[in-house]
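Trainee: Structure in structure tokens, see below.
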Amino acid sequence: MRPVVPRALRGVQRSFARPNGFMPRAGQHIAQSLNLGLRLRLTLDLGCRSLSGTTARLREEETSDERQWSTPLAKQLAEAISATGPVPLASFMRMCLTADVGGYYTGAIEEGRDQFGLKGDFVTSPEISQVFGELVGVWFVAEWLTQGRPRRGVELIEVGPGRGTLMDDMLRTIQNFPAMANSIDAIYMVEASPKLRIAQKNLLCGEDAPMTESKSGYHSICKYTSLPIVWTETIKSIPVESEKMPFIIAHEFFDALPIHAFQCITVPANQDTPQHSSDKSSPSTKTSSSTLQWRELLVSPTPPGSTHATLNTPPSQSRSTPPPDFQLTLAQAPTRHSLYLPESSPRYRAIRQHTGAGAVLEICPDAALYASDFAARIGGSPKHPKPKPSGAALILDYGPGDGTVPTNSLRGIRRHERVSPFAEPGLTDLSADVDFAGIAEAATRASEGVEVHGPVDQGTFLEIMGIQERAEMLINAAMKADGGAADKEKFAEAVKKARKRLVDRGPGGMGKVYKALAILPENDGRRKPVGFGGDVEV
Ligand code: SAH
């Protein structure tokens with residue numbers, strides 16, 4: 001039997017072979033790709049509009065009639081690329097995950113299974129043990145207590161709720177603290193997947209509970225509290241109100257947000273294109289004979305007839321899928337994104353200066369948008385001033401905890417196996433390491449009213465939150481309940497195993513690979529939240 005694996009698998013290695021210098025053809029306007037009958041919710045954002053090239057052109061016959069594409073989405077993507085030229089990795093990733101038709105979270109997976117668990121593609125912590133969501137619930141209760149136990153105005157917001165298991169475990173836990181439960185005004189779920197939205201409604205509201213649609217989203221009533229639950233597709237659709245106390249949870253959400261990838265190259269002086277007109281901070285990267293420039297890695301179709309062998313599918317990736325339809329290629333000229341994204345933080349500029357040619361970098365603009373949004377809700381912003389910062393965001397995911405920027409972390413997963421991220425678009429889960437330091441930077445930039453704690457290892461976080469004690473309580477309660485001794489023993493073993501797995505700090509263990517980061521009201525760093533070195537103040 002295959003192991004059921006979390007997405008942050010052991011021994012992650014390069015996801016893709018080095019770019020082969022594919023020369024893209026001139027991009028055309030997005031309208032043209034839309035005219036091809038594509039239903040792109042995203043923009044295939046033409047990062048390559050300025051590119052030109054003469055070799056290795058995409059031939060129409062490669063992208064449409066003759067070639068067999070592995071999925072309908074692969075065909076759509078190839079047609080779009082034949083019109084626009086190679087697309088940024090972020091555009092590809094967004095389409096693969098959330099395209100209106102045929103995206104991984106939006107309908108590509110066959111009936112009768114979803115992304116999670118044994119029958120799915122990967123497993124997540126809330127699906128491993130109820131204790132995970134219970135402890136997250138307790139963390140928010142602790143914040144509510146510490147932030148003055150307001151009697152109303154609390155909002156629970158979850159982004160990327162999967163099957164709804166985490167919110168269910170949190171809500172059940174919060175019911176044990178009636179004063180907090182009564183303070184909740186509304187629950188918001190940000191979910192791109194219509195199928196998962198229904199699964200969440202069934203779990204949180206009941207199978208028979210009606211779901212209604214309005215301009216602001218989908219609505220139903222929570223079975224625990226009779227509170228309204230509102231589903232939206234993005235966090236932007238949730239109203240920002242200065243008197244609210246938002247408690248925001250993001251578990252394995254940020255890793256699913258699309259990334260751009262860049263590589264630093266040396267450009268001879270005579271081909272020098274200014275890296276950024278306002279970049280006065282890194283003159284040392286320019287010498288009299290050459291300049292260091294970031295170039296974007298773009299997605300284009302693989303040559304027809306490619307095999308895993310010709311594409312050098314890395315040994316760390318299973319070859320159980322058909323050969324990848326797409327590959328990464330290095331843009332031959334700067335793109336819109338390569339001109340500004342790698343210049344948007346001193347952390348990226350330092351990589352260019354210190355590592356120089358060959359350095360690679362992944363940047364997730366959507367992660368910065370979400371982090372900024374969380375921060376503005378908690379701490380206020382020029383657009384939405386808040387008299388008193390309040391609320392908290394807890395982000396649990398995988399990625400470097402030492403402040404380094406993710407590189408080469410894009411991964412594809414199918415049925416608990418690493419596969420090429422460019423194989424079977426729409427059927428393959430795509431994810432990438434989360435840049436926690438980038439999230440912290442975006443949050444504190446967006447609002448003066450917040451501070452960030454962590455990231456800390458999941459193992460440490462859960463242990464301080466009392467995972468051991470909670471697991472023992474569950475086992476003791478089961479032992480006292482009715483039922484056969486063998487079943488009880490089996491239950492106790494399962495609880496112990498799940499606990500161990502969540503805090504495992506061995507190489508590739510979930511306790512070490514997964515991290516927790518908290519965004520809190522600014523307090524001059526004087527109050528550390530529980531799980532991050534602090535205690536509850538009551
Ligand atoms: N938090 C859950 C699920 C993680 S999988 C768990 O840990 O079990 C990622 C979740 O984010 C799914 O629910 C998916 O549908 C949702 N998602 C992915 N990309 C999204 C996007 N761009 N906008 C909104 N939801 C998204």
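Starting from 1 in every chain, residues are counted up; chains themselves are A, B, ... following the order of the structure tokens, and ligands are numbered from 1 as listed.
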If we count only C-alpha atoms, what is near range 373-379 of chain A at a cut-off of 9 Å, once residues fewer than 6 positions away on the same chain are taken out, given as number ranges by chain?
Mentor: A: 235-236, 240-242, 244-248, 385-393, 442-451, 519-522
Trainee: Neighbours of ligand 1 at 7 Å or closer, counting only C-alpha atoms and all ligand atoms: which residues, as a list of chain:residue names?
Mentor: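 What falls inside 7 Å of ligand 1 is A:Leu97, A:Thr98, A:Tyr105, A:Thr124, A:Ser125, A:Pro126, A:Glu127, A:Val159, A:Gly160, A:Pro161, A:Gly162, A:Arg163, A:Thr165, A:Leu166, A:Val190, A:Glu191, A:Ala192, A:Ser193, A:Leu196, A:Glu233, A:Thr234, A:Ala250, A:His251, A:Glu252, A:Phe253, A:Ala256, A:Leu257.
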Trainee: Kindly indicate which residue among A:Pro304, A:Pro314, A:Pro210, A:Pro400 lies nearest to Ala78 in chain A, using only C-alpha atoms for the distances.
Mentor: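 Selected residue with least distance to Ala78 in chain A: A:Pro304.
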Trainee: What parts of range 398-484 of chain A does DSSP call alpha helix (DSSP H)? I'd like the answer as a PyMOL selection string.
Mentor: chain A and resi 436-446+458-464+467-480
Trainee: As a ChimeraX atom specification, which residues of range 356-465 of chain A does DSSP assign to strand (DSSP E or B)?
Mentor: /A:360-363,392-398,411-414,417-419,429-431,450-457
Trainee: As an exercise, work out the distance from CA of Val513 in chain A to CA of Leu462 in chain A in Å and give it to one decimal place.
Mentor: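 Value for the CA of Val513 in chain A-CA of Leu462 in chain A distance: 13.2 Å.
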Trainee: For range 307-310 of chain A, find every residue with an atom within 8 Å (counting only C-alpha atoms), except residues of its own chain fewer than 4 positions away, and show them as a list in words.
Mentor: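 Contacts, in chain order: Arg319, Pro322, Pro323 and Pro324 of chain A.
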Trainee: Any idea what the distance is between CA of Val141 in chain A and CA of Arg499 in chain A?
Mentor: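 Here the two named atoms are 21.5 Å from each other.
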Trainee: Please identify all polymer residues within 8 Å of Asp325 in chain A, counting only C-alpha atoms, omitting same-chain residues fewer than 4 positions from it, and present them as a VMD selection string.
Mentor: chain A and resid 69 to 70 74 301 to 302 422 to 424
Trainee: Can I get the selected residues back with N, CA, C and O atoms, as a JSON list (two decimals), in the first residue's frame?
Mentor:
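Output contents, as saved in part09.json:
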[["chain", "number", "residue", "atom", "x", "y", "z"],
["A", 69, "TRP", "N", -2.71, 16.07, -26.29],
["A", 69, "TRP", "CA", -2.39, 16.67, -24.99],
["A", 69, "TRP", "C", -2.95, 15.79, -23.90],
["A", 69, "TRP", "O", -3.95, 15.11, -24.10],
["A", 70, "SER", "N", -2.31, 15.82, -22.74],
["A", 70, "SER", "CA", -2.69, 14.85, -21.71],
["A", 70, "SER", "C", -4.04, 15.17, -21.07],
["A", 70, "SER", "O", -4.70, 14.28, -20.54],
["A", 74, "ALA", "N", -4.52, 21.09, -20.76],
["A", 74, "ALA", "CA", -3.22, 21.19, -21.42],
["A", 74, "ALA", "C", -3.41, 21.73, -22.84],
["A", 74, "ALA", "O", -2.64, 22.58, -23.31],
["A", 301, "PRO", "N", 5.29, 24.69, -24.31],
["A", 301, "PRO", "CA", 5.11, 23.25, -24.55],
["A", 301, "PRO", "C", 6.45, 22.54, -24.73],
["A", 301, "PRO", "O", 7.41, 23.13, -25.23],
["A", 302, "THR", "N", 6.49, 21.29, -24.34],
["A", 302, "THR", "CA", 7.68, 20.48, -24.62],
["A", 302, "THR", "C", 7.66, 20.14, -26.12],
["A", 302, "THR", "O", 6.60, 20.17, -26.75],
["A", 422, "PHE", "N", 4.58, 19.63, -14.54],
["A", 422, "PHE", "CA", 4.11, 19.98, -15.89],
["A", 422, "PHE", "C", 3.40, 18.82, -16.57],
["A", 422, "PHE", "O", 3.14, 18.86, -17.77],
["A", 423, "ALA", "N", 3.14, 17.76, -15.80],
["A", 423, "ALA", "CA", 2.44, 16.60, -16.36],
["A", 423, "ALA", "C", 0.96, 16.70, -16.00],
["A", 423, "ALA", "O", 0.59, 17.10, -14.90],
["A", 424, "GLU", "N", 0.11, 16.35, -16.93],
["A", 424, "GLU", "CA", -1.34, 16.28, -16.73],
["A", 424, "GLU", "C", -1.91, 17.50, -16.00],
["A", 424, "GLU", "O", -2.48, 17.39, -14.90]]
Trainee: Produce a table with one row for each residue of range 400-428 of chain A that has an atom at most 7 Å from any atom of range 350-367 of chain A, each row naming the nearest atom pair and its distance in Å at one decimal; use only C-alpha atoms; arrange rows by chain and rising residue number; format as CSV.
Mentor:
residue,atom,partner,partner_atom,distance
A:Val405,CA,A:Leu361,CA,6.7
A:Pro406,CA,A:Glu362,CA,5.7
A:Thr407,CA,A:Leu361,CA,5.0
Trainee: So that I have them on file, write out the residues from the current selection with N, CA and C atoms, as a PDB file, in the first residue's frame.
Mentor:
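Writing done, so here's out00.pdb:
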ATOM      1  N   VAL A 405      14.789  32.862   0.856  1.00  0.00           N
ATOM      2  CA  VAL A 405      13.728  32.935  -0.164  1.00  0.00           C
ATOM      3  C   VAL A 405      13.615  31.555  -0.839  1.00  0.00           C
ATOM      4  N   PRO A 406      12.391  31.050  -1.024  1.00  0.00           N
ATOM      5  CA  PRO A 406      12.262  29.732  -1.678  1.00  0.00           C
ATOM      6  C   PRO A 406      12.863  29.713  -3.091  1.00  0.00           C
ATOM      7  N   THR A 407      13.457  28.576  -3.417  1.00  0.00           N
ATOM      8  CA  THR A 407      13.989  28.376  -4.776  1.00  0.00           C
ATOM      9  C   THR A 407      13.632  26.961  -5.203  1.00  0.00           C
TER      10      THR A 407
END
Trainee: Could you check how far CA of Gln327 in chain A sits from CA of Leu369 in chain A, in Å to one decimal?
Mentor: 27.3 Å
Trainee: Between A:Thr146, A:Ser290, A:Gln130, A:Thr225, which has the minimum distance to Ile174 in chain A (counting only C-alpha atoms)?
Mentor: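 Result for the nearest residue to Ile174 in chain A: A:Thr225.
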Trainee: List the spatial neighbours of range 452-460 of chain A as a PyMOL selection string - criterion: any atom at most 7 Å away, only C-alpha atoms, same-chain residues fewer than 3 positions off excluded.
Mentor: chain A and resi 401+436+440+463-464+502-505+511-512+514-520+532
Trainee: When distances are computed from only C-alpha atoms, which of A:Leu396, A:Leu298, A:Met95, A:Leu292 shows the smallest separation from Arg349 in chain A?
Mentor: A:Leu292
Trainee: My list of candidates is A:Ser381, A:Ser289, A:Ala186, A:Lys195. Which is closest to Ser226 in chain A when distances are computed with only C-alpha atoms?
Mentor: A:Ala186
Trainee: A:Gln263, A:Ser300, A:Thr404, A:Gln115: which is nearest Glu79 in chain A, counting only C-alpha atoms?
Mentor: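 Ranking A:Gln263, A:Ser300, A:Thr404, A:Gln115 by distance to Glu79 in chain A, first place goes to A:Ser300.
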Trainee: What lies within 12 Å of Asn176 in chain A using only C-alpha atoms, ignoring chain neighbours under 3 positions off, as a list in words?
Mentor: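 Once the adjacent positions are removed, what remains is Glu134, Gly137, Val138, Val141, Asp169, Met170, Leu171, Arg172, Thr173, Ala179, Met180, Ala181, Asn182, Tyr224 and Thr225 of chain A.
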Trainee: Export, as a CSV table (one decimal), in the first residue's frame, the selected residues with N, CA and C atoms.
Mentor:
chain,number,residue,atom,x,y,z
A,134,GLU,N,-8.6,21.4,16.9
A,134,GLU,CA,-9.0,21.8,18.3
A,134,GLU,C,-7.9,22.7,18.9
A,137,GLY,N,-8.2,26.1,17.4
A,137,GLY,CA,-9.3,26.7,18.0
A,137,GLY,C,-9.0,27.3,19.4
A,138,VAL,N,-8.2,26.6,20.2
A,138,VAL,CA,-7.8,27.0,21.5
A,138,VAL,C,-6.9,28.3,21.3
A,141,VAL,N,-9.0,31.2,20.9
A,141,VAL,CA,-9.7,31.5,22.2
A,141,VAL,C,-8.7,32.3,23.1
A,169,ASP,N,-13.6,21.5,13.5
A,169,ASP,CA,-12.9,21.2,14.8
A,169,ASP,C,-12.7,22.4,15.6
A,170,MET,N,-12.4,23.5,14.9
A,170,MET,CA,-12.3,24.8,15.7
A,170,MET,C,-13.6,25.2,16.3
A,171,LEU,N,-14.7,25.2,15.5
A,171,LEU,CA,-16.0,25.6,16.0
A,171,LEU,C,-16.5,24.8,17.2
A,172,ARG,N,-16.2,23.5,17.0
A,172,ARG,CA,-16.7,22.6,18.1
A,172,ARG,C,-15.9,22.9,19.4
A,173,THR,N,-14.6,23.3,19.3
A,173,THR,CA,-13.8,23.6,20.4
A,173,THR,C,-14.3,25.0,21.0
A,179,ALA,N,-18.8,32.3,26.0
A,179,ALA,CA,-18.7,33.8,25.9
A,179,ALA,C,-18.0,34.1,24.5
A,180,MET,N,-17.0,33.4,24.2
A,180,MET,CA,-16.3,33.6,22.9
A,180,MET,C,-17.3,33.2,21.8
A,181,ALA,N,-17.9,32.1,21.9
A,181,ALA,CA,-18.8,31.6,20.8
A,181,ALA,C,-19.9,32.7,20.6
A,182,ASN,N,-20.4,33.3,21.7
A,182,ASN,CA,-21.4,34.3,21.5
A,182,ASN,C,-20.9,35.6,20.9
A,224,TYR,N,-23.6,24.7,14.5
A,224,TYR,CA,-23.3,24.8,15.9
A,224,TYR,C,-23.9,26.0,16.5
A,225,THR,N,-23.9,27.1,15.8
A,225,THR,CA,-24.3,28.4,16.5
A,225,THR,C,-25.4,29.1,15.9
Trainee: Excluding Glu472 in chain A and residues on its chain fewer than 2 positions from it, collect all residues at most 12 Å away from it, counting only C-alpha atoms, and give them as a list in words.
Mentor: Val131, Gly466, Ile467, Gln468, Glu469, Arg470, Leu474, Ile475, Asn476, Ala477, Ala478, Met479, Phe491, Ala492, Glu493, Ala494, Val495, Lys496 and Arg499 of chain A
